[in-house]
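Data block for final-v1.txt (compact mmCIF, C-alpha atoms):
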```txt
# COMPACT_ATOMS: atom_id res chain seq x y z
CA MET Y 1 17.23 24.71 13.31
CA GLU Y 2 18.52 27.82 11.52
CA GLU Y 3 20.87 25.65 9.50
CA LEU Y 4 17.97 23.39 8.52
CA LYS Y 5 15.87 26.39 7.47
CA GLU Y 6 18.67 27.62 5.23
CA ILE Y 7 18.94 24.22 3.54
CA VAL Y 8 15.27 24.05 2.61
CA ASP Y 9 14.58 27.70 1.77
CA SER Y 10 14.98 26.95 -1.94
CA THR Y 11 12.47 24.12 -2.06
CA GLU Y 12 9.26 26.08 -2.58
CA LYS Y 13 7.26 24.85 -5.56
CA ASN Y 14 7.28 28.20 -7.39
CA GLN Y 15 11.00 27.70 -8.07
CA LEU Y 16 10.29 24.60 -10.15
CA HIS Y 17 9.51 26.47 -13.35
CA GLU Y 18 7.84 24.90 -16.36
CA ASN Y 19 10.37 23.33 -18.76
CA SER Y 20 12.97 23.18 -15.97
CA ASP Y 21 14.67 19.87 -15.11
CA HIS Y 22 15.66 18.59 -11.68
CA TRP Y 23 17.32 15.59 -10.07
CA VAL Y 24 14.98 14.05 -7.53
CA ASP Y 25 14.55 11.12 -5.20
CA ILE Y 26 11.36 9.16 -5.78
CA THR Y 27 9.74 8.92 -2.36
CA TYR Y 28 6.33 7.30 -2.94
CA LEU Y 29 4.57 5.71 -5.92
CA VAL Y 30 0.83 5.09 -6.22
CA ASN Y 31 0.18 5.13 -9.97
CA PRO Y 32 1.40 7.14 -13.01
CA HIS Y 33 -0.96 9.99 -12.11
CA LEU Y 34 -0.05 10.08 -8.43
CA PHE Y 35 3.49 9.84 -7.15
CA TYR Y 36 5.86 11.93 -5.04
CA THR Y 37 9.38 13.18 -5.59
CA ARG Y 38 11.82 15.26 -3.54
CA LEU Y 39 14.78 17.35 -4.73
CA THR Y 40 18.05 15.48 -4.15
CA LYS Y 41 19.61 18.60 -2.66
CA ASN Y 42 17.25 18.17 0.30
CA ARG Y 43 18.57 14.76 1.33
CA ALA Y 44 20.67 16.43 4.00
CA ALA Y 45 17.62 18.22 5.38
CA VAL Y 46 15.64 14.99 5.57
CA GLN Y 47 18.53 13.21 7.27
CA LYS Y 48 18.70 15.98 9.86
CA ILE Y 49 14.97 15.58 10.54
CA GLN Y 50 15.38 11.80 10.84
CA ALA Y 51 18.08 12.31 13.46
CA ILE Y 52 16.09 14.72 15.63
CA LYS Y 53 15.52 13.54 19.19
CA PRO Y 54 12.08 14.92 20.08
CA VAL Y 55 11.27 15.45 23.73
CA LEU Y 56 7.70 16.68 24.16
CA LYS Y 57 4.91 14.28 23.26
CA CYS Y 58 1.52 15.59 22.15
CA CYS Y 59 -1.28 15.50 24.71
CA SER Y 60 -3.84 16.22 21.98
CA VAL Y 61 -3.85 16.98 18.26
CA ASP Y 62 -6.11 18.64 15.73
CA VAL Y 63 -6.47 18.08 11.99
CA HIS Y 64 -3.76 20.01 10.07
CA ASP Y 65 -1.32 20.07 13.01
CA ILE Y 66 2.30 19.42 11.99
CA VAL Y 67 3.91 16.85 14.28
CA LEU Y 68 6.85 14.46 14.45
CA PHE Y 69 6.52 10.67 14.33
CA ASN Y 70 8.84 7.68 14.15
CA LEU Y 71 9.17 6.12 10.69
CA GLU Y 72 10.67 2.97 12.24
CA ARG Y 73 8.27 2.13 15.05
CA ASP Y 74 9.31 -1.53 15.00
CA SER Y 75 13.02 -0.77 15.02
CA GLU Y 76 15.44 0.05 17.82
CA ASN Y 77 16.88 2.84 15.63
CA PRO Y 78 14.21 5.53 15.30
CA LYS Y 79 13.99 7.78 12.26
CA TYR Y 80 11.70 10.74 12.61
CA ALA Y 81 9.61 12.52 10.00
CA ARG Y 82 7.24 15.46 9.85
CA GLY Y 83 3.59 14.52 9.58
CA GLU Y 84 0.39 16.48 9.03
CA VAL Y 85 -2.58 15.19 11.01
CA ILE Y 86 -5.35 14.42 8.53
CA ASP Y 87 -7.62 12.27 10.69
CA VAL Y 88 -8.12 11.66 14.41
CA ASP Y 89 -9.96 8.54 15.56
CA GLN Y 90 -10.93 8.19 19.21
CA ALA Y 91 -12.35 4.98 20.62
CA GLY Y 92 -12.81 5.26 24.37
CA ASP Y 93 -9.50 6.37 25.86
CA THR Y 94 -7.52 5.35 22.78
CA ILE Y 95 -6.61 8.00 20.20
CA LYS Y 96 -5.04 7.06 16.87
CA CYS Y 97 -4.18 9.36 14.00
CA THR Y 98 -3.62 9.20 10.28
CA LEU Y 99 -0.59 11.29 9.33
CA LEU Y 100 0.56 12.54 5.94
CA ALA Y 101 4.36 12.33 5.77
CA ILE Y 102 4.81 15.71 4.10
CA ASP Y 103 8.44 15.11 3.08
CA TYR Y 104 7.63 11.71 1.52
CA GLY Y 105 3.98 11.71 0.36
CA PHE Y 106 2.70 8.53 1.98
CA ARG Y 107 0.15 8.22 4.79
CA GLU Y 108 0.82 6.51 8.07
CA LYS Y 109 -2.36 5.12 9.62
CA ASP Y 110 -3.21 4.18 13.21
CA VAL Y 111 -0.38 6.09 14.84
CA PRO Y 112 -1.07 6.12 18.61
CA LEU Y 113 -1.10 9.54 20.25
CA ASP Y 114 1.68 8.46 22.59
CA GLN Y 115 3.90 7.95 19.52
CA ILE Y 116 3.46 11.53 18.28
CA TRP Y 117 5.76 14.39 19.30
CA LYS Y 118 5.45 18.15 19.08
CA CYS Y 119 7.18 19.78 16.13
CA ASP Y 120 9.27 22.92 16.64
CA LYS Y 121 7.61 26.00 15.10
CA LEU Y 122 10.63 26.67 12.89
CA LEU Y 123 10.59 23.11 11.60
CA SER Y 124 6.81 23.03 11.07
CA GLY Y 125 7.04 26.27 9.09
CA ILE Y 126 9.22 24.71 6.39
CA PRO Y 127 7.13 23.89 3.27
CA PRO Y 128 6.58 20.18 2.48
CA LEU Y 129 9.65 18.78 0.72
CA ALA Y 130 7.76 16.15 -1.30
CA PHE Y 131 6.08 17.25 -4.54
CA LYS Y 132 2.93 15.56 -5.81
CA CYS Y 133 3.47 14.59 -9.45
CA LYS Y 134 1.53 13.28 -12.45
CA LEU Y 135 3.21 11.61 -15.40
CA ALA Y 136 2.67 13.44 -18.69
CA ASN Y 137 1.74 11.70 -21.94
CA CYS Y 138 0.30 8.44 -20.70
CA GLY Y 139 -3.06 7.20 -19.52
CA PRO Y 140 -4.74 3.96 -18.42
CA ARG Y 141 -5.92 1.63 -21.16
CA GLU Y 142 -9.36 1.60 -19.53
CA GLU Y 143 -11.12 3.92 -17.07
CA ASP Y 144 -8.93 3.15 -14.04
CA TRP Y 145 -5.36 2.02 -13.54
CA LYS Y 146 -5.03 -1.76 -13.39
CA LYS Y 147 -2.59 -3.60 -11.15
CA GLU Y 148 -0.31 -4.68 -14.00
CA GLU Y 149 -0.09 -1.08 -15.26
CA ILE Y 150 0.80 0.20 -11.79
CA ASP Y 151 3.36 -2.59 -11.26
CA ALA Y 152 5.00 -1.79 -14.60
CA PHE Y 153 5.15 1.91 -13.72
CA LYS Y 154 6.79 1.15 -10.37
CA LEU Y 155 9.31 -1.14 -12.07
CA PHE Y 156 10.32 1.38 -14.74
CA ALA Y 157 10.25 4.39 -12.39
CA GLY Y 158 12.35 2.71 -9.72
CA ASP Y 159 12.55 3.87 -6.14
CA GLY Y 160 15.71 5.98 -6.09
CA LEU Y 161 17.38 8.67 -8.16
CA ALA Y 162 15.48 10.10 -11.12
CA LYS Y 163 15.23 13.19 -13.27
CA ILE Y 164 12.06 15.17 -13.92
CA VAL Y 165 11.21 17.80 -16.50
CA VAL Y 166 8.33 20.01 -15.41
CA VAL Y 167 5.71 20.11 -18.18
CA LYS Y 168 2.99 21.92 -16.27
CA LYS Y 169 2.66 23.32 -12.77
CA THR Y 170 -0.57 23.83 -10.82
CA VAL Y 171 -1.28 24.83 -7.24
CA ASP Y 172 -1.60 21.18 -6.22
CA PHE Y 173 0.77 19.13 -8.38
CA LEU Y 174 3.46 19.01 -11.06
CA VAL Y 175 2.92 17.33 -14.42
CA VAL Y 176 6.31 15.90 -15.34
CA THR Y 177 8.31 13.82 -17.76
CA LEU Y 178 10.17 11.25 -15.67
CA TYR Y 179 13.53 9.64 -16.46
CA ASN Y 180 14.86 6.82 -14.32
CA ASN Y 181 18.52 7.24 -13.37
CA GLY Y 182 20.76 6.65 -16.40
CA GLU Y 183 17.89 5.87 -18.82
CA LEU Y 184 17.58 7.72 -22.14
CA ASP Y 185 13.87 7.02 -22.65
CA ASP Y 186 11.32 8.60 -20.34
CA VAL Y 187 9.08 6.33 -18.28
CA ALA Y 188 5.86 7.28 -20.11
CA SER Y 189 7.38 6.34 -23.47
CA VAL Y 190 8.61 3.01 -22.10
CA LEU Y 191 5.13 2.23 -20.73
CA VAL Y 192 3.50 3.03 -24.07
CA LEU Y 193 6.09 1.08 -26.12
CA THR Y 194 5.65 -1.96 -23.90
CA SER Y 195 1.83 -1.66 -24.24
CA PHE Y 196 1.25 -1.23 -20.52
CA THR Y 197 -0.42 2.15 -21.05
CA GLY Y 198 -1.86 4.26 -23.82
CA MET Y 199 -1.14 7.84 -24.77
CA GLY Y 200 -4.56 8.77 -23.43
CA TYR Y 201 -6.28 12.07 -24.12
CA ILE Y 202 -3.68 14.78 -24.60
CA ARG Y 203 -4.50 18.44 -24.66
CA SER Y 204 -2.60 20.06 -27.53
CA ASP Y 205 -1.99 23.28 -25.64
CA LEU Y 206 -0.38 21.54 -22.65
CA ASN Y 207 0.73 18.24 -24.15
CA LEU Y 208 -0.21 16.44 -20.96
CA ILE Y 209 -2.64 13.76 -19.96
CA GLU Y 210 -5.98 14.98 -18.65
CA PRO Y 211 -7.91 12.51 -16.46
CA LYS Y 212 -11.59 12.16 -17.15
CA THR Y 213 -13.24 14.36 -14.57
CA SER Y 214 -16.47 16.22 -14.27
CA LYS Y 215 -15.73 19.95 -14.42
CA VAL Y 216 -19.25 20.89 -13.36
CA LEU Y 217 -21.26 19.32 -10.57
CA LYS Y 218 -24.80 18.32 -11.39
CA THR Y 219 -27.28 20.93 -10.24
CA VAL Y 220 -28.03 19.11 -7.02
CA THR Y 221 -27.58 21.08 -3.82
CA HIS Y 222 -29.15 18.72 -1.31
CA TYR Y 223 -30.74 15.32 -0.74
CA ASN Y 224 -34.31 14.61 0.20
CA PHE Y 225 -34.89 13.61 3.82
CA LYS Y 226 -37.44 11.20 5.29
CA LYS Y 227 -40.68 12.96 6.16
CA ILE Y 228 -41.50 12.59 9.83
CA LYS Y 229 -43.70 14.55 12.22
CA THR Y 230 -44.08 15.13 15.93
CA GLY Y 231 -45.70 12.13 17.63
CA ASP Y 232 -44.50 9.55 15.09
CA THR Y 233 -43.34 6.26 16.60
CA LEU Y 234 -40.55 4.59 14.64
CA HIS Y 235 -38.83 1.23 14.78
CA VAL Y 236 -35.21 2.22 14.20
CA ARG Y 237 -31.71 0.83 14.05
CA VAL Y 238 -28.75 2.72 15.59
CA LEU Y 239 -26.25 3.77 12.92
CA SER Y 240 -23.57 5.79 14.71
CA GLY Y 241 -22.88 8.22 17.53
CA LYS Y 242 -21.14 8.47 20.87
CA SER Y 243 -23.51 10.76 22.76
CA LEU Y 244 -27.24 10.71 23.43
CA ALA Y 245 -27.17 14.40 22.55
CA ALA Y 246 -26.18 13.66 18.94
CA PHE Y 247 -26.51 10.28 17.24
CA TYR Y 248 -27.96 8.74 14.09
CA VAL Y 249 -30.59 6.08 13.51
CA ALA Y 250 -32.46 4.70 10.51
CA ASP Y 251 -35.96 3.33 10.08
CA VAL Y 252 -35.48 -0.44 9.95
CA LEU Y 253 -37.36 -0.85 6.67
CA ASP Y 254 -35.50 2.08 5.08
CA TYR Y 255 -32.20 0.56 6.16
CA ARG Y 256 -33.06 -2.80 4.59
CA LYS Y 257 -33.89 -1.02 1.34
CA TYR Y 258 -30.57 0.84 1.57
CA LEU Y 259 -28.70 -2.47 1.93
CA ASP Y 260 -30.56 -3.88 -1.07
CA GLU Y 261 -29.51 -0.88 -3.16
CA CYS Y 262 -25.84 -0.81 -2.12
CA ASP Y 263 -24.50 -3.03 -4.91
CA PHE Y 264 -26.40 -1.19 -7.63
CA LEU Y 265 -25.36 2.20 -6.22
CA THR Y 266 -21.75 1.00 -6.36
CA GLN Y 267 -22.15 -0.24 -9.93
CA LEU Y 268 -23.62 3.07 -11.13
CA SER Y 269 -21.16 5.20 -9.15
CA LYS Y 270 -18.20 3.50 -10.83
CA GLN Y 271 -19.58 4.74 -14.15
CA GLU Y 272 -19.77 8.35 -12.96
CA ALA Y 273 -16.92 10.76 -13.66
CA PRO Y 274 -14.58 11.72 -10.81
CA ILE Y 275 -15.22 15.27 -9.65
CA ASP Y 276 -12.66 17.81 -10.74
CA GLU Y 277 -10.61 19.22 -7.86
CA THR Y 278 -11.81 22.76 -8.61
CA CYS Y 279 -15.41 21.65 -7.98
CA VAL Y 280 -14.79 20.16 -4.53
CA LYS Y 281 -16.69 22.51 -2.22
CA CYS Y 282 -18.44 22.36 1.14
CA GLY Y 283 -22.06 21.28 0.78
CA ALA Y 284 -21.54 19.38 -2.47
CA VAL Y 285 -23.32 16.02 -2.69
CA VAL Y 286 -21.02 13.17 -3.71
CA CYS Y 287 -20.55 9.43 -3.76
CA VAL Y 288 -17.41 7.99 -2.19
CA ASN Y 289 -15.74 4.61 -2.35
CA ASP Y 290 -15.55 3.26 1.19
CA TYR Y 291 -12.45 1.05 1.21
CA ASN Y 292 -13.71 -0.75 4.31
CA ASP Y 293 -16.22 -2.71 2.24
CA LYS Y 294 -15.41 -1.58 -1.35
CA LYS Y 295 -18.88 -0.08 -1.76
CA TYR Y 296 -19.86 3.44 -2.78
CA LYS Y 297 -21.85 5.54 -0.34
CA ARG Y 298 -23.71 8.84 -0.62
CA GLY Y 299 -22.32 11.81 1.22
CA VAL Y 300 -22.07 15.56 1.67
CA ILE Y 301 -18.75 17.42 1.82
CA LYS Y 302 -18.40 19.10 5.23
CA LYS Y 303 -14.81 20.42 5.03
CA VAL Y 304 -12.18 20.70 2.30
CA TYR Y 305 -8.47 20.24 3.05
CA SER Y 306 -6.86 21.55 -0.14
CA GLN Y 307 -3.31 21.17 1.14
CA ASN Y 308 -3.51 17.37 1.08
CA ASP Y 309 -6.34 16.97 -1.46
CA THR Y 310 -8.81 15.47 1.00
CA ALA Y 311 -12.32 16.28 2.12
CA LEU Y 312 -14.32 15.48 5.24
CA VAL Y 313 -17.49 13.77 4.02
CA GLN Y 314 -20.58 12.94 6.06
CA LEU Y 315 -22.02 9.63 4.90
CA VAL Y 316 -25.70 10.52 4.89
CA ASP Y 317 -27.01 6.97 5.11
CA LEU Y 318 -24.77 6.14 8.08
CA GLY Y 319 -24.40 9.50 9.84
CA LYS Y 320 -20.66 9.19 10.46
CA GLU Y 321 -17.94 11.39 8.96
CA GLN Y 322 -14.79 10.20 7.18
CA VAL Y 323 -11.92 11.81 5.29
CA PHE Y 324 -11.59 10.87 1.61
CA SER Y 325 -9.13 11.92 -1.08
CA PHE Y 326 -10.37 14.14 -3.92
CA GLY Y 327 -9.79 11.26 -6.34
CA ASN Y 328 -12.34 9.22 -4.42
CA LEU Y 329 -15.22 11.66 -4.99
CA ARG Y 330 -17.78 10.95 -7.72
CA GLN Y 331 -21.05 12.35 -8.93
CA VAL Y 332 -24.20 10.88 -7.35
CA PRO Y 333 -26.02 8.70 -9.91
CA GLN Y 334 -29.30 10.37 -10.88
CA ARG Y 335 -31.32 7.39 -9.63
CA TYR Y 336 -30.06 8.02 -6.08
CA VAL Y 337 -30.33 11.81 -5.97
CA SER Y 338 -34.02 11.76 -5.06
CA MET Y 339 -33.89 8.68 -2.81
CA PRO Y 340 -34.45 10.00 0.75
CA VAL Y 341 -31.50 9.99 3.13
CA VAL Y 342 -31.61 6.98 5.45
CA GLY Y 343 -29.95 8.63 8.46
CA ILE Y 344 -32.09 10.43 11.05
CA PHE Y 345 -30.27 12.86 13.36
CA CYS Y 346 -31.48 12.45 16.96
CA SER Y 347 -31.06 13.69 20.51
CA VAL Y 348 -32.70 12.09 23.54
CA GLU Y 349 -35.02 14.39 25.52
CA ASP Y 350 -33.48 15.79 28.68
CA ASN Y 351 -35.61 13.90 31.21
CA GLN Y 352 -34.54 10.43 30.01
CA PRO Y 353 -31.77 8.52 31.83
CA ARG Y 354 -28.36 8.90 30.17
CA ASN Y 355 -26.51 5.93 31.60
CA ASN Y 356 -25.36 2.88 29.60
CA VAL Y 357 -24.75 5.06 26.52
CA HIS Y 358 -22.42 2.46 24.98
CA ILE Y 359 -25.23 -0.12 25.15
CA LEU Y 360 -27.94 2.18 23.80
CA LEU Y 361 -25.81 3.43 20.91
CA HIS Y 362 -24.20 0.17 19.89
CA PRO Y 363 -24.47 0.08 16.04
CA GLY Y 364 -27.24 -2.32 15.04
CA ARG Y 365 -29.23 -1.82 18.26
CA GLU Y 366 -32.95 -1.65 17.46
CA LEU Y 367 -35.22 0.72 19.37
CA LEU Y 368 -38.75 2.04 19.37
CA ILE Y 369 -38.64 5.83 19.51
CA THR Y 370 -41.19 8.66 19.52
CA ILE Y 371 -40.51 12.03 17.88
CA ILE Y 372 -40.98 14.73 20.55
CA LYS Y 373 -39.69 17.75 18.61
CA LEU Y 374 -38.64 18.06 14.99
CA GLY Y 375 -35.09 19.06 14.11
CA HIS Y 376 -33.79 20.03 10.68
CA GLN Y 377 -32.01 17.42 8.56
CA PHE Y 378 -28.40 17.10 9.84
CA GLU Y 379 -28.20 20.68 11.11
CA SER Y 380 -30.18 20.19 14.34
CA PRO Y 381 -31.30 16.89 15.86
CA ASN Y 382 -34.83 15.59 16.26
CA VAL Y 383 -35.60 15.36 19.98
CA ILE Y 384 -36.84 11.84 20.68
CA LYS Y 385 -38.03 9.62 23.49
CA ILE Y 386 -36.72 6.04 23.63
CA ASP Y 387 -39.75 3.90 24.34
CA ARG Y 388 -38.04 0.52 24.59
CA PHE Y 389 -35.41 -1.84 23.24
CA VAL Y 390 -36.47 -4.13 20.40
CA LEU Y 391 -33.18 -5.92 19.88
```
Rendering of file as structure tokens:
Amino acid sequence: MEELKEIVDSTEKNQLHENSDHWVDITYLVNPHLFYTRLTKNRAAVQKIQAIKPVLKCCSVDVHDIVLFNLERDSENPKYARGEVIDVDQAGDTIKCTLLAIDYGFREKDVPLDQIWKCDKLLSGIPPLAFKCKLANCGPREEDWKKEEIDAFKLFAGDGLAKIVVVKKTVDFLVVTLYNNGELDDVASVLVLTSFTGMGYIRSDLNLIEPKTSKVLKTVTHYNFKKIKTGDTLHVRVLSGKSLAAFYVADVLDYRKYLDECDFLTQLSKQEAPIDETCVKCGAVVCVNDYNDKKYKRGVIKKVYSQNDTALVQLVDLGKEQVFSFGNLRQVPQRYVSMPVVGIFCSVEDNQPRNNVHILLHPGRELLITIIKLGHQFESPNVIKIDRFVL
């Protein structure tokens, strides 16, 4: 391990000075404003990590833990990589994780806990070897990158040896000029000359592309919540939750209205500016694109993970929490700022039976409930009595 530490000691980002050039391996491509590279001199380090034979498997993991996982799960020849845990999903006795491969840049989803190994402290202390990069001097022809633009970028960038010139360095990423191995023209110029991209908006002081983002959040600090009072009887639908001590429901009529508004909320949210990374803070109200159904949903940021540019967002109309990338966060359209939150945070009163939880809390289950004691928004639950099943 000491030998490995010596190899990677020179890889910290602050040694990649502006206007310096470096030979790199391209490790992961998403679009011209999001791709990952790794210094070629660290190939040996990565190969050493791949050849590690881990012994101790993880019994449990937490978000931000550095672990080892097999890159070739379907192969008889394992290759290991370091991964940062960015999401943990537990369904019954099954635990699966989403891992960020910190020496490559990509995310590995649905990795079973029994396929995750402990990472030696010396190894986990080595800084990530993959650098997040943005291509200077090019931008999408429209608001977002289209498939043909991304495909052209991947073709011209290649997936092997390349050279970068650092134009600008920030805490989170490098803005670079990228040259494919042996090519005289940089990739951005080739994309512009072939009409796949435009020059975009270029700041004269930095000479780099600036994505359209909102630098200042709208002056909205919270949503409105449904007004209820002690003694109210509600016909509700279960939204989410795994315990009768903390789960979420919605008034059936409010939920139907929410479904009716989903498409329009999505349409308006697409027109809103992405939120600048410097404005991503706990408590901020946002809209997020849920890739499960391609629809935008309202949320509140609960935690910020700056190291991997993600945030834990509570979806206020569903109750559940999910991790989203910074690039997926948008302003809430004004029309939907004042619309009351659909989710109602609940806890069943102590004297009610607590068996058959999985039946009671099955999403879509309809119940008649009575409010016994008021809680406060999503900070403390409303104590309720379940009167009966409706559906």
Among listed residues Y:Lys295, Y:Lys385, Y:His17, Y:Lys79, nearest Cys262 of chain Y (using only C-alpha atoms):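 Looking at the shortest contact to Cys262 of chain Y, the residue is Y:Lys295.
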Test item: which residues lie within 12 Å of (16.5, 17.5, -11.4) counting all atoms listed in the file, as an MDAnalysis selection string: chainID Y and resid 16:17 19:26 37:42 161:166 176:181
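The coordinates place atom CA of Tyr248 of chain Y at 6.0 Å from atom CA of Gly343 of chain Y.
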Top pick for closest residue to Thr310 of chain Y, considering Y:Lys96, Y:Val63, Y:Pro54, Y:Glu18 and counting all atoms listed in the file: Y:Val63
d(atom CA of Arg330 of chain Y, atom CA of Asn308 of chain Y) in Å: 18.0 Å
Would you compute, for all listed atoms of segment 53-69 of chain Y, the axis-aligned bounding box grown by 4 Å on each side, and then report its centre and edge lengths in Å rounded to one decimal, as JSON?
```
{"center_x": 4.5, "center_y": 15.4, "center_z": 17.4, "size_x": 30.0, "size_y": 17.4, "size_z": 22.6}
```
Val288 of chain Y surroundings by all atoms listed in the file, 8 Å radius, close-in-sequence under 5 positions cut, as a PyMOL selection string: chain Y and resi 296-299+324+328-330
Point-to-point distance from atom CA of Val304 of chain Y to atom CA of Gln267 of chain Y, Å rounded to tenths: 26.2 Å
Surrounding residues of Ile384 of chain Y excluding itself and chain neighbours under 2 positions, 8 Å, all atoms listed in the file, as a ChimeraX atom specification: /Y:346-349,369-373,382,386
Nearest candidate to Val249 of chain Y (options Y:Ala91, Y:Val313, Y:Leu56, Y:Val341; using all atoms listed in the file):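 Under the stated criterion, the closest residue is Y:Val341.
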Residue among Y:Lys57, Y:Arg141, Y:His362, Y:Arg43 lying closest to Phe247 of chain Y, counting only C-alpha atoms: Y:His362
